[in-house]
>>> print(open('model_28.cif').read())   # mmCIF, C-alpha atoms and all ligand atoms
data_upload
loop_
_atom_site.label_atom_id
_atom_site.label_comp_id
_atom_site.auth_asym_id
_atom_site.auth_seq_id
_atom_site.Cartn_x
_atom_site.Cartn_y
_atom_site.Cartn_z
CA MET Z 1 49.60 20.30 49.46
CA LEU Z 2 48.33 17.76 46.91
CA ILE Z 3 44.82 18.01 45.45
CA GLU Z 4 42.56 15.22 46.74
CA ILE Z 5 39.74 13.63 44.75
CA ASP Z 6 37.37 10.71 45.38
CA VAL Z 7 37.91 8.60 42.26
CA ALA Z 8 40.44 8.54 39.41
CA VAL Z 9 39.51 6.46 36.37
CA ILE Z 10 42.37 5.58 34.02
CA GLY Z 11 41.28 5.19 30.39
CA ALA Z 12 38.28 6.59 28.53
CA GLY Z 13 37.28 3.60 26.42
CA VAL Z 14 33.69 2.40 26.59
CA ILE Z 15 34.42 0.76 29.96
CA GLY Z 16 35.98 3.83 31.64
CA ILE Z 17 33.32 6.24 30.40
CA ALA Z 18 30.43 3.95 31.35
CA ILE Z 19 31.90 3.49 34.84
CA SER Z 20 32.53 7.23 35.28
CA GLY Z 21 28.89 8.11 34.64
CA GLU Z 22 27.72 5.45 37.05
CA ILE Z 23 29.97 6.76 39.83
CA ALA Z 24 29.30 10.44 39.12
CA GLN Z 25 25.55 9.90 39.35
CA ARG Z 26 26.10 8.63 42.89
CA ASN Z 27 27.48 12.07 43.77
CA LYS Z 28 31.14 11.14 43.88
CA GLU Z 29 33.87 13.31 42.44
CA VAL Z 30 35.33 11.51 39.41
CA PHE Z 31 38.22 12.45 37.13
CA ILE Z 32 38.95 10.39 34.01
CA PHE Z 33 42.46 10.47 32.60
CA GLU Z 34 42.91 9.56 28.97
CA LYS Z 35 46.18 9.70 27.06
CA ASN Z 36 44.49 10.30 23.70
CA ARG Z 37 42.84 13.54 22.55
CA THR Z 38 39.33 12.20 23.22
CA PHE Z 39 37.39 9.13 24.39
CA GLY Z 40 37.04 5.80 22.60
CA LEU Z 41 39.90 5.94 20.11
CA GLU Z 42 41.33 2.48 20.80
CA THR Z 43 39.70 -0.95 21.11
CA SER Z 44 36.26 0.52 21.71
CA SER Z 45 36.14 1.88 18.16
CA ARG Z 46 37.83 -1.12 16.54
CA GLN Z 47 35.34 -3.93 17.03
CA SER Z 48 32.29 -5.60 15.47
CA GLU Z 49 29.51 -3.56 17.20
CA VAL Z 50 27.63 -6.76 17.99
CA ILE Z 51 25.30 -7.00 20.96
CA HIS Z 52 26.06 -10.53 22.10
CA ALA Z 53 23.48 -12.83 23.65
CA GLY Z 54 25.87 -14.54 26.12
CA ILE Z 55 25.99 -18.06 24.67
CA TYR Z 56 29.66 -19.01 24.60
CA HIS Z 57 31.11 -18.86 28.11
CA PRO Z 58 30.52 -20.80 31.35
CA GLU Z 59 27.32 -19.91 33.21
CA HIS Z 60 29.01 -18.60 36.38
CA SER Z 61 31.60 -16.45 34.61
CA LEU Z 62 31.53 -12.66 34.70
CA LYS Z 63 31.73 -12.77 30.90
CA THR Z 64 28.36 -14.53 30.80
CA LYS Z 65 26.59 -12.77 33.65
CA LEU Z 66 27.66 -9.26 32.67
CA CYS Z 67 26.99 -9.92 28.97
CA ILE Z 68 23.42 -11.07 29.60
CA LYS Z 69 22.68 -8.20 31.98
CA GLY Z 70 24.52 -5.71 29.75
CA ARG Z 71 22.57 -6.85 26.70
CA SER Z 72 19.21 -6.09 28.25
CA LEU Z 73 20.47 -2.78 29.71
CA LEU Z 74 21.86 -1.85 26.28
CA TYR Z 75 18.60 -2.48 24.43
CA GLU Z 76 16.79 -0.39 27.06
CA LEU Z 77 19.36 2.43 26.80
CA CYS Z 78 19.17 2.39 23.01
CA ASP Z 79 15.35 2.61 23.09
CA ARG Z 80 15.26 5.33 25.71
CA HIS Z 81 18.02 7.53 24.28
CA GLY Z 82 17.64 7.07 20.54
CA ILE Z 83 20.88 5.12 20.01
CA ALA Z 84 20.61 3.29 16.69
CA TYR Z 85 20.48 -0.51 16.86
CA LYS Z 86 18.91 -3.54 15.19
CA LYS Z 87 17.99 -6.70 17.03
CA LEU Z 88 18.43 -8.72 13.87
CA GLY Z 89 19.50 -12.06 15.36
CA LYS Z 90 22.47 -14.25 14.63
CA ILE Z 91 22.95 -17.74 13.26
CA ILE Z 92 25.97 -19.89 14.11
CA VAL Z 93 26.42 -22.34 11.26
CA ALA Z 94 27.92 -25.83 11.04
CA ALA Z 95 29.55 -27.14 7.88
CA ASN Z 96 29.87 -30.80 8.95
CA GLU Z 97 29.07 -33.42 11.62
CA ASN Z 98 31.71 -32.05 14.01
CA GLY Z 99 30.22 -28.62 13.62
CA ILE Z 100 26.74 -29.95 14.40
CA THR Z 101 28.01 -31.53 17.64
CA HIS Z 102 29.59 -28.17 18.47
CA LEU Z 103 26.28 -26.37 17.81
CA GLU Z 104 24.47 -28.77 20.13
CA LYS Z 105 27.03 -28.03 22.86
CA LEU Z 106 26.60 -24.29 22.34
CA TYR Z 107 22.83 -24.72 22.52
CA GLU Z 108 23.20 -26.54 25.87
CA GLN Z 109 25.64 -23.91 27.16
CA GLY Z 110 23.31 -21.13 26.08
CA ARG Z 111 20.35 -22.79 27.86
CA LYS Z 112 22.48 -23.21 31.01
CA ASN Z 113 23.31 -19.52 30.76
CA GLY Z 114 19.59 -18.76 30.82
CA ILE Z 115 19.11 -17.89 27.15
CA GLU Z 116 15.73 -19.33 26.34
CA ASP Z 117 15.12 -18.18 22.79
CA LEU Z 118 17.88 -20.26 21.10
CA MET Z 119 16.73 -22.56 18.28
CA LEU Z 120 18.58 -25.34 16.49
CA LEU Z 121 17.87 -25.16 12.75
CA SER Z 122 17.97 -27.90 10.14
CA ARG Z 123 19.50 -27.12 6.74
CA THR Z 124 16.00 -26.52 5.30
CA GLU Z 125 14.99 -24.18 8.14
CA LEU Z 126 18.28 -22.29 7.77
CA LYS Z 127 17.79 -21.95 3.98
CA LYS Z 128 14.31 -20.53 4.53
CA LEU Z 129 15.72 -17.81 6.79
CA GLU Z 130 18.94 -17.16 4.86
CA PRO Z 131 18.78 -18.45 1.27
CA ASN Z 132 22.36 -17.32 0.47
CA VAL Z 133 23.93 -19.19 3.38
CA GLU Z 134 25.19 -22.73 2.83
CA ALA Z 135 25.56 -25.01 5.88
CA ARG Z 136 24.43 -28.35 7.29
CA ALA Z 137 22.68 -26.82 10.32
CA GLY Z 138 22.43 -23.66 12.38
CA LEU Z 139 21.83 -22.25 15.84
CA LEU Z 140 19.61 -19.17 15.84
CA SER Z 141 20.02 -16.54 18.55
CA PRO Z 142 17.16 -14.06 18.03
CA SER Z 143 18.32 -11.66 20.78
CA SER Z 144 21.72 -10.85 19.25
CA GLY Z 145 21.98 -7.51 17.47
CA ILE Z 146 24.15 -4.64 16.28
CA LEU Z 147 24.39 -1.06 17.49
CA ASP Z 148 26.02 2.25 16.74
CA SER Z 149 28.83 1.95 19.28
CA HIS Z 150 30.03 5.52 18.63
CA SER Z 151 26.62 6.90 19.62
CA LEU Z 152 26.64 4.67 22.68
CA GLN Z 153 30.02 6.05 23.76
CA ARG Z 154 28.91 9.63 23.06
CA PHE Z 155 25.85 8.96 25.21
CA PHE Z 156 27.99 7.56 28.09
CA TYR Z 157 30.38 10.52 27.76
CA ASN Z 158 27.64 13.17 27.79
CA ARG Z 159 25.85 11.49 30.68
CA ALA Z 160 29.06 11.31 32.74
CA ARG Z 161 29.80 14.99 32.07
CA ARG Z 162 26.25 16.04 32.91
CA LYS Z 163 26.59 14.24 36.25
CA GLY Z 164 29.81 16.14 36.94
CA ALA Z 165 32.58 13.73 35.85
CA LYS Z 166 35.68 15.60 34.63
CA PHE Z 167 37.49 14.29 31.56
CA VAL Z 168 41.18 15.09 31.30
CA PHE Z 169 42.41 14.24 27.80
CA LYS Z 170 45.94 14.12 26.42
CA THR Z 171 47.05 13.08 29.88
CA GLU Z 172 48.80 9.82 30.64
CA VAL Z 173 48.97 8.20 34.05
CA ILE Z 174 52.64 7.34 34.60
CA GLY Z 175 52.81 6.53 38.30
CA ILE Z 176 50.56 5.22 41.10
CA GLU Z 177 51.85 5.11 44.64
CA LYS Z 178 49.96 3.93 47.72
CA THR Z 179 49.57 6.55 50.46
CA ARG Z 180 47.84 6.70 53.82
CA ILE Z 181 44.48 7.86 52.39
CA GLY Z 182 44.55 6.40 48.89
CA TYR Z 183 46.93 6.70 45.96
CA LYS Z 184 49.27 9.40 44.72
CA VAL Z 185 48.68 9.41 40.98
CA GLN Z 186 51.31 10.90 38.70
CA ILE Z 187 50.18 12.28 35.36
CA LYS Z 188 52.00 13.62 32.33
CA ASP Z 189 50.52 16.18 29.94
CA ARG Z 190 51.86 18.91 27.64
CA GLU Z 191 52.70 21.09 30.65
CA GLY Z 192 54.81 18.38 32.29
CA VAL Z 193 54.40 16.00 35.20
CA SER Z 194 52.14 16.54 38.22
CA ASP Z 195 50.61 14.58 41.10
CA PHE Z 196 47.31 14.37 42.99
CA VAL Z 197 45.74 11.98 45.47
CA ALA Z 198 42.69 9.78 44.76
CA ARG Z 199 40.91 7.72 47.42
CA VAL Z 200 39.91 5.16 44.77
CA VAL Z 201 41.76 4.34 41.53
CA ILE Z 202 40.01 2.44 38.74
CA ASN Z 203 42.24 0.91 36.11
CA SER Z 204 40.26 0.59 32.86
CA ALA Z 205 43.29 1.12 30.63
CA GLY Z 206 42.41 -1.59 28.07
CA LEU Z 207 45.52 -2.81 26.27
CA ASN Z 208 47.70 -1.17 28.97
CA SER Z 209 45.73 -2.36 31.98
CA ASP Z 210 48.33 -4.96 33.02
CA LYS Z 211 51.07 -2.30 32.88
CA VAL Z 212 48.94 0.15 34.87
CA ALA Z 213 48.32 -2.55 37.53
CA GLN Z 214 52.09 -3.04 37.66
CA LEU Z 215 52.62 0.72 38.06
CA ALA Z 216 50.53 0.52 41.22
CA GLY Z 217 52.76 -2.24 42.59
CA ILE Z 218 50.76 -5.38 41.69
CA ASP Z 219 52.97 -8.38 40.87
CA ILE Z 220 51.30 -9.14 37.53
CA ALA Z 221 53.14 -12.41 37.00
CA LYS Z 222 51.95 -13.72 40.37
CA ALA Z 223 48.42 -12.39 39.86
CA SER Z 224 48.39 -13.82 36.30
CA TYR Z 225 47.42 -10.45 34.84
CA ARG Z 226 49.91 -10.30 31.97
CA LEU Z 227 48.04 -9.51 28.75
CA HIS Z 228 48.57 -11.05 25.33
CA TYR Z 229 47.58 -9.11 22.25
CA CYS Z 230 45.46 -10.92 19.71
CA LYS Z 231 44.80 -9.01 16.52
CA GLY Z 232 41.50 -9.13 14.66
CA GLU Z 233 41.40 -7.85 11.07
CA TYR Z 234 38.34 -7.07 8.97
CA PHE Z 235 37.65 -7.03 5.23
CA SER Z 236 34.54 -5.42 3.79
CA LEU Z 237 32.47 -6.95 1.01
CA SER Z 238 31.51 -4.82 -1.97
CA SER Z 239 28.23 -2.92 -1.84
CA LYS Z 240 26.53 -5.31 -4.27
CA TYR Z 241 26.17 -7.69 -1.29
CA ARG Z 242 24.16 -5.26 0.82
CA ASN Z 243 21.13 -7.53 1.09
CA LEU Z 244 23.01 -10.80 1.02
CA MET Z 245 21.56 -11.86 4.36
CA SER Z 246 19.47 -10.36 7.10
CA ARG Z 247 21.18 -11.80 10.19
CA LEU Z 248 24.73 -12.05 11.53
CA ILE Z 249 26.33 -15.31 10.39
CA TYR Z 250 29.06 -16.95 12.49
CA PRO Z 251 30.91 -20.23 12.00
CA THR Z 252 31.42 -22.40 15.09
CA PRO Z 253 34.00 -20.66 17.35
CA GLU Z 254 37.78 -21.13 17.23
CA GLN Z 255 40.25 -21.24 20.10
CA ALA Z 256 41.10 -17.51 20.25
CA GLY Z 257 38.11 -15.87 18.58
CA LEU Z 258 34.62 -16.51 17.34
CA GLY Z 259 35.81 -17.44 13.83
CA ILE Z 260 35.75 -15.15 10.78
CA HIS Z 261 32.10 -14.20 10.77
CA VAL Z 262 29.86 -12.03 8.66
CA THR Z 263 28.45 -8.95 10.29
CA LEU Z 264 26.15 -6.29 9.00
CA GLY Z 265 26.46 -2.59 9.59
CA LEU Z 266 23.34 -0.60 10.49
CA ASP Z 267 23.42 0.65 6.89
CA GLY Z 268 23.40 -2.94 5.55
CA ARG Z 269 27.14 -3.03 4.72
CA VAL Z 270 28.59 -6.53 4.94
CA ARG Z 271 31.91 -7.13 6.68
CA LEU Z 272 34.03 -10.25 7.18
CA GLY Z 273 36.08 -10.76 10.32
CA PRO Z 274 37.73 -10.58 12.68
CA ASN Z 275 40.41 -13.24 12.37
CA ALA Z 276 42.54 -13.95 15.46
CA ARG Z 277 46.35 -13.68 15.39
CA TYR Z 278 48.52 -13.30 18.48
CA VAL Z 279 50.91 -10.38 17.96
CA GLU Z 280 53.68 -8.73 19.99
CA THR Z 281 52.98 -5.08 19.21
CA ILE Z 282 50.02 -2.79 18.70
CA ASP Z 283 49.74 -2.12 14.99
CA TYR Z 284 46.35 -1.48 13.42
CA SER Z 285 47.29 -2.06 9.77
CA VAL Z 286 45.46 -4.82 7.89
CA ASP Z 287 47.69 -7.45 6.30
CA GLU Z 288 46.37 -7.66 2.74
CA THR Z 289 47.95 -11.07 2.27
CA GLN Z 290 45.23 -12.41 4.58
CA LYS Z 291 42.61 -11.69 1.91
CA GLU Z 292 42.60 -15.20 0.50
CA ALA Z 293 42.32 -16.79 3.95
CA PHE Z 294 39.28 -14.59 4.69
CA TYR Z 295 37.75 -15.48 1.35
CA ASN Z 296 38.31 -19.23 1.82
CA SER Z 297 36.85 -19.10 5.29
CA ALA Z 298 33.71 -17.14 4.40
CA LYS Z 299 33.19 -18.86 1.04
CA LYS Z 300 32.39 -22.09 2.93
CA PHE Z 301 29.09 -20.66 4.14
CA LEU Z 302 28.63 -17.81 1.65
CA PRO Z 303 29.38 -19.47 -1.71
CA VAL Z 304 28.21 -16.47 -3.79
CA ILE Z 305 31.12 -14.19 -2.82
CA GLU Z 306 34.13 -13.57 -5.10
CA LEU Z 307 37.73 -12.90 -4.04
CA ASP Z 308 37.78 -9.52 -5.80
CA ASP Z 309 34.87 -8.30 -3.69
CA LEU Z 310 36.95 -8.16 -0.49
CA THR Z 311 38.67 -4.92 0.58
CA PRO Z 312 40.86 -4.52 3.70
CA GLU Z 313 38.98 -2.39 6.21
CA PHE Z 314 40.39 -2.06 9.76
CA ALA Z 315 41.82 -4.00 12.68
CA GLY Z 316 41.39 -4.15 16.44
CA ILE Z 317 43.41 -5.83 19.16
CA ARG Z 318 42.00 -8.14 21.81
CA THR Z 319 43.29 -7.91 25.38
CA LYS Z 320 43.67 -11.59 26.15
CA LEU Z 321 44.61 -13.00 29.52
CA GLN Z 322 45.12 -16.43 27.99
CA ALA Z 323 48.26 -17.10 25.94
CA PRO Z 324 47.87 -19.13 22.72
CA GLY Z 325 46.50 -22.58 23.51
CA GLU Z 326 45.56 -21.77 27.10
CA ALA Z 327 42.13 -22.42 28.58
CA PHE Z 328 39.28 -19.93 29.10
CA ARG Z 329 40.01 -16.87 31.25
CA ASP Z 330 37.30 -14.68 32.67
CA PHE Z 331 37.24 -10.86 32.93
CA VAL Z 332 39.27 -9.66 35.91
CA ILE Z 333 37.28 -7.04 37.82
CA ALA Z 334 39.02 -6.98 41.17
CA HIS Z 335 39.23 -4.80 44.23
CA GLU Z 336 42.84 -5.45 45.20
CA GLU Z 337 42.46 -5.24 48.97
CA GLN Z 338 43.70 -8.83 49.48
CA ALA Z 339 46.85 -8.04 47.50
CA GLY Z 340 47.48 -5.11 49.86
CA PHE Z 341 46.00 -2.38 47.65
CA PRO Z 342 42.69 -1.26 49.18
CA GLY Z 343 40.90 1.23 46.94
CA LEU Z 344 42.53 -0.03 43.73
CA ILE Z 345 40.11 -1.65 41.26
CA ASN Z 346 41.63 -3.40 38.26
CA LEU Z 347 39.73 -4.27 35.08
CA ILE Z 348 41.97 -6.54 33.02
CA GLY Z 349 41.27 -8.73 30.00
CA ILE Z 350 38.03 -6.93 29.11
CA GLU Z 351 37.82 -8.43 25.65
CA SER Z 352 34.59 -9.42 23.88
CA PRO Z 353 31.79 -9.22 25.06
CA GLY Z 354 33.07 -6.07 26.79
CA LEU Z 355 31.05 -3.65 24.67
CA THR Z 356 27.83 -5.57 25.32
CA ALA Z 357 28.64 -5.88 29.00
CA SER Z 358 29.67 -2.22 29.44
CA PRO Z 359 26.53 -0.92 31.20
CA ALA Z 360 26.51 -3.96 33.52
CA ILE Z 361 30.25 -3.62 34.24
CA ALA Z 362 29.58 0.04 35.11
CA GLN Z 363 26.95 -0.96 37.68
CA TYR Z 364 29.17 -3.74 39.06
CA VAL Z 365 32.11 -1.37 39.59
CA GLY Z 366 29.75 1.40 40.79
CA ASN Z 367 28.64 -0.93 43.62
CA MET Z 368 32.26 -1.72 44.53
CA VAL Z 369 33.03 2.00 44.75
CA LYS Z 370 29.90 2.64 46.83
CA GLU Z 371 31.12 0.12 49.41
CA LEU Z 372 34.50 1.80 49.51
CA LEU Z 373 33.36 5.40 49.79
CA ASP Z 374 30.00 5.40 51.58
C1 LIG Z 401 38.40 -7.25 17.08
C2 LIG Z 401 37.46 -7.02 18.22
C3 LIG Z 401 36.09 -7.21 18.05
C4 LIG Z 401 35.21 -7.02 19.12
N1 LIG Z 401 33.88 -7.15 18.92
C5 LIG Z 401 33.02 -6.97 19.95
C6 LIG Z 401 31.62 -7.08 19.75
O1 LIG Z 401 31.15 -7.23 18.62
N2 LIG Z 401 30.81 -6.98 20.83
C7 LIG Z 401 31.29 -6.79 22.09
O2 LIG Z 401 30.50 -6.78 23.03
N3 LIG Z 401 32.62 -6.63 22.30
C8 LIG Z 401 33.48 -6.70 21.27
N4 LIG Z 401 34.82 -6.53 21.45
C9 LIG Z 401 35.32 -6.20 22.80
C10 LIG Z 401 35.18 -4.70 23.12
O3 LIG Z 401 35.56 -3.94 22.00
C11 LIG Z 401 36.08 -4.37 24.31
O4 LIG Z 401 35.73 -5.23 25.37
C12 LIG Z 401 35.96 -2.94 24.78
O5 LIG Z 401 36.03 -2.03 23.73
C13 LIG Z 401 37.05 -2.65 25.81
O6 LIG Z 401 36.94 -1.31 26.19
P1 LIG Z 401 38.00 -0.66 27.17
O7 LIG Z 401 37.43 0.63 27.60
O8 LIG Z 401 38.37 -1.67 28.22
O9 LIG Z 401 39.34 -0.50 26.31
P2 LIG Z 401 39.78 0.66 25.30
O10 LIG Z 401 38.70 1.06 24.40
O11 LIG Z 401 41.06 0.21 24.67
O12 LIG Z 401 40.08 1.90 26.25
C14 LIG Z 401 41.20 1.96 27.12
C15 LIG Z 401 41.67 3.40 27.15
O13 LIG Z 401 42.69 3.54 28.13
C16 LIG Z 401 43.59 4.53 27.66
N5 LIG Z 401 44.86 4.38 28.41
C17 LIG Z 401 45.65 3.29 28.42
N6 LIG Z 401 46.71 3.51 29.25
C18 LIG Z 401 46.55 4.76 29.76
C19 LIG Z 401 47.33 5.55 30.68
N7 LIG Z 401 48.44 5.08 31.28
N8 LIG Z 401 46.88 6.80 30.99
C20 LIG Z 401 45.74 7.28 30.40
N9 LIG Z 401 44.98 6.58 29.52
C21 LIG Z 401 45.38 5.33 29.23
C22 LIG Z 401 43.71 4.21 26.18
O14 LIG Z 401 44.21 5.31 25.45
C23 LIG Z 401 42.26 3.85 25.82
O15 LIG Z 401 41.55 4.96 25.33
C24 LIG Z 401 35.73 -6.66 20.40
C25 LIG Z 401 37.11 -6.45 20.56
C26 LIG Z 401 37.97 -6.61 19.48
C27 LIG Z 401 39.43 -6.34 19.65
#
>>> encode(input="model_28.cif", output="structure tokens")
Amino acid sequence: MLIEIDVAVIGAGVIGIAISGEIAQRNKEVFIFEKNRTFGLETSSRQSEVIHAGIYHPEHSLKTKLCIKGRSLLYELCDRHGIAYKKLGKIIVAANENGITHLEKLYEQGRKNGIEDLMLLSRTELKKLEPNVEARAGLLSPSSGILDSHSLQRFFYNRARRKGAKFVFKTEVIGIEKTRIGYKVQIKDREGVSDFVARVVINSAGLNSDKVAQLAGIDIAKASYRLHYCKGEYFSLSSKYRNLMSRLIYPTPEQAGLGIHVTLGLDGRVRLGPNARYVETIDYSVDETQKEAFYNSAKKFLPVIELDDLTPEFAGIRTKLQAPGEAFRDFVIAHEEQAGFPGLINLIGIESPGLTASPAIAQYVGNMVKELLD
């Protein structure tokens, strides 16, 4: 006789742990399976820790809606639970006429998305706010910020456990088979391979989420779920630049990423990145030969920096649904009933602003599960 549970969550990144707490607090039995020794060791700890405002994407997209809702939930959570953050604001800068046109478009998009505090800045206004930044114009987003994403994940983890969610680490999901009442899930740990049955399966497996969907029987080519990896590397700037600026500084966005930007750590450390390079394999090393490209990119708006002040720091990998050159793709958060898989919820392509959106994604998926189980 197989053990039966209500919900199996695959993957304990920020998305899986946030969702687990949301479901557990609605009195459902949740088990989270994570192949690593603990939560948050992959993409969720290899990112910029920026709380995004929700400017860049189309107004009706999940990326926009869940980012804007997630941002306000995050600030509330941080205040209520003592998670460190700074709402320091961000300025997107334009180096030339093209850039200024781009800023105006972003301003319009941001207003359409419902962000009312955006301000276009002239060169003089920009200089007053950030004397070390050189650009023709800027777009100020006062509600962007940074947070301690490790504390956030610890908070989500502790909350989920307190509500009764069970974390099963060092355990990989290797099979998912549809049954009469749900899914037979096959797991592999140090003891070997075993099975159980879950009424609902939530795939929040990050970089592996397309493969996990395929395990369950989804035709990922037909569904257009195949992921492309896009690496983002970071270089840190030496400590003498600690007070170089007081806001996040971004260039106008590129096709695959937001452009090599300058972020600040909560301790004032300055970091450049991430770049955006499509790669075939998951490898978190930083290619030191990229140093000059980072320098040349950042030097355009931060002329005071010197090449020798850059040190390779870390890298993360974006889970992109769009291949190089392809158009915008939204988050996939789908109950797969139409595809013939009732009770299977796939989260695929949860790239930036996934961290910002995490509490809103948790509520969104929590409501889907409520409809399935209540
Ligand atoms: C370079 C970079 C910068 C970013 N910057 C920001 C930012 O500033 N702000 C922002 O809002 N967002 C940012 N993001 C996006 C954000 O980091 C992600 O959206 C978020 O971390 C995704 O979390 P996740 O839980 O989906 O994935 P992950 O953190 O990768 O978690 C997935 C988990 O699933 C586990 N897993 C996979 N397969 C299996 C299996 N078969 N069985 C068991 N476990 C499995 C993995 O081990 C992993 O722990 C950035 C992303 C990148 C790459």
>>> residues_near_ligand(input="model_28.cif", ligand="ligand LIG 401 (chain Z)", cutoff="6 Å", atoms="only C-alpha atoms and all ligand atoms", output="VMD selection string")
chain Z and resid 10 to 16 33 to 36 39 to 44 47 to 52 171 to 174 204 to 208 232 274 316 to 318 350 to 356
>>> write_last_selection(input="model_28.cif", atoms="C-alpha atoms", output="PDB file, keeping the file's coordinate frame")
ATOM      1  CA  ILE Z  10      42.370   5.580  34.020  1.00  0.00           C
ATOM      2  CA  GLY Z  11      41.280   5.190  30.390  1.00  0.00           C
ATOM      3  CA  ALA Z  12      38.280   6.590  28.530  1.00  0.00           C
ATOM      4  CA  GLY Z  13      37.280   3.600  26.420  1.00  0.00           C
ATOM      5  CA  VAL Z  14      33.690   2.400  26.590  1.00  0.00           C
ATOM      6  CA  ILE Z  15      34.420   0.760  29.960  1.00  0.00           C
ATOM      7  CA  GLY Z  16      35.980   3.830  31.640  1.00  0.00           C
ATOM      8  CA  PHE Z  33      42.460  10.470  32.600  1.00  0.00           C
ATOM      9  CA  GLU Z  34      42.910   9.560  28.970  1.00  0.00           C
ATOM     10  CA  LYS Z  35      46.180   9.700  27.060  1.00  0.00           C
ATOM     11  CA  ASN Z  36      44.490  10.300  23.700  1.00  0.00           C
ATOM     12  CA  PHE Z  39      37.390   9.130  24.390  1.00  0.00           C
ATOM     13  CA  GLY Z  40      37.040   5.800  22.600  1.00  0.00           C
ATOM     14  CA  LEU Z  41      39.900   5.940  20.110  1.00  0.00           C
ATOM     15  CA  GLU Z  42      41.330   2.480  20.800  1.00  0.00           C
ATOM     16  CA  THR Z  43      39.700  -0.950  21.110  1.00  0.00           C
ATOM     17  CA  SER Z  44      36.260   0.520  21.710  1.00  0.00           C
ATOM     18  CA  GLN Z  47      35.340  -3.930  17.030  1.00  0.00           C
ATOM     19  CA  SER Z  48      32.290  -5.600  15.470  1.00  0.00           C
ATOM     20  CA  GLU Z  49      29.510  -3.560  17.200  1.00  0.00           C
ATOM     21  CA  VAL Z  50      27.630  -6.760  17.990  1.00  0.00           C
ATOM     22  CA  ILE Z  51      25.300  -7.000  20.960  1.00  0.00           C
ATOM     23  CA  HIS Z  52      26.060 -10.530  22.100  1.00  0.00           C
ATOM     24  CA  THR Z 171      47.050  13.080  29.880  1.00  0.00           C
ATOM     25  CA  GLU Z 172      48.800   9.820  30.640  1.00  0.00           C
ATOM     26  CA  VAL Z 173      48.970   8.200  34.050  1.00  0.00           C
ATOM     27  CA  ILE Z 174      52.640   7.340  34.600  1.00  0.00           C
ATOM     28  CA  SER Z 204      40.260   0.590  32.860  1.00  0.00           C
ATOM     29  CA  ALA Z 205      43.290   1.120  30.630  1.00  0.00           C
ATOM     30  CA  GLY Z 206      42.410  -1.590  28.070  1.00  0.00           C
ATOM     31  CA  LEU Z 207      45.520  -2.810  26.270  1.00  0.00           C
ATOM     32  CA  ASN Z 208      47.700  -1.170  28.970  1.00  0.00           C
ATOM     33  CA  GLY Z 232      41.500  -9.130  14.660  1.00  0.00           C
ATOM     34  CA  PRO Z 274      37.730 -10.580  12.680  1.00  0.00           C
ATOM     35  CA  GLY Z 316      41.390  -4.150  16.440  1.00  0.00           C
ATOM     36  CA  ILE Z 317      43.410  -5.830  19.160  1.00  0.00           C
ATOM     37  CA  ARG Z 318      42.000  -8.140  21.810  1.00  0.00           C
ATOM     38  CA  ILE Z 350      38.030  -6.930  29.110  1.00  0.00           C
ATOM     39  CA  GLU Z 351      37.820  -8.430  25.650  1.00  0.00           C
ATOM     40  CA  SER Z 352      34.590  -9.420  23.880  1.00  0.00           C
ATOM     41  CA  PRO Z 353      31.790  -9.220  25.060  1.00  0.00           C
ATOM     42  CA  GLY Z 354      33.070  -6.070  26.790  1.00  0.00           C
ATOM     43  CA  LEU Z 355      31.050  -3.650  24.670  1.00  0.00           C
ATOM     44  CA  THR Z 356      27.830  -5.570  25.320  1.00  0.00           C
TER      45      THR Z 356
END
>>> residues_around(input="model_28.cif", residues="Ala135 (chain Z)", least_positions_apart="3", cutoff="12 Å", atoms="all atoms listed in the file", output="number ranges by chain")
Z: 91-97, 99-100, 121-127, 130-132, 138-139, 249-252, 298-303
>>> closest_residue(input="model_28.cif", among="Z:Leu74, Z:Leu310, Z:Ala8, Z:Ala362", to="Ser143 (chain Z)", atoms="all atoms listed in the file")
Z:Leu74
>>> closest_residue(input="model_28.cif", among="Z:Gly21, Z:Gly145, Z:Pro58, Z:Pro253", to="Arg329 (chain Z)", atoms="all atoms listed in the file")
Z:Pro58
>>> residues_around(input="model_28.cif", residues="Asp308 (chain Z)", least_positions_apart="3", cutoff="10 Å", atoms="all atoms listed in the file", output="PyMOL selection string")
chain Z and resi 237-238+291-292+295+305+311
>>> residues_near_point(input="model_28.cif", point="(40.5, -2.4, 8.5)", cutoff="6 Å", atoms="all atoms listed in the file", output="PyMOL selection string")
chain Z and resi 234+286+312-315
>>> atom_distance(input="model_28.cif", atom1="CA of Gly89 (chain Z)", atom2="CA of Asp148 (chain Z)")
15.8 Å
>>> closest_residue(input="model_28.cif", among="Z:Met368, Z:Ala276, Z:Leu120, Z:Met1", to="Tyr107 (chain Z)", atoms="all atoms listed in the file")
Z:Leu120
>>> residues_around(input="model_28.cif", residues="Lys163 (chain Z)", least_positions_apart="5", cutoff="8 Å", atoms="all atoms listed in the file", output="PyMOL selection string")
chain Z and resi 21+24-25+27
>>> atom_distance(input="model_28.cif", atom1="CA of Tyr157 (chain Z)", atom2="CA of Gly217 (chain Z)")
29.7 Å
>>> residues_around(input="model_28.cif", residues="Glu371 (chain Z)", least_positions_apart="3", cutoff="12 Å", atoms="all atoms listed in the file", output="PyMOL selection string")
chain Z and resi 23+26+200+335+342-343+364-368+374
>>> atom_distance(input="model_28.cif", atom1="CA of Arg199 (chain Z)", atom2="CA of Asn158 (chain Z)")
24.3 Å
>>> closest_residue(input="model_28.cif", among="Z:Ser239, Z:Asn296, Z:Ser45, Z:Asn113", to="Cys67 (chain Z)", atoms="only C-alpha atoms")
Z:Asn113
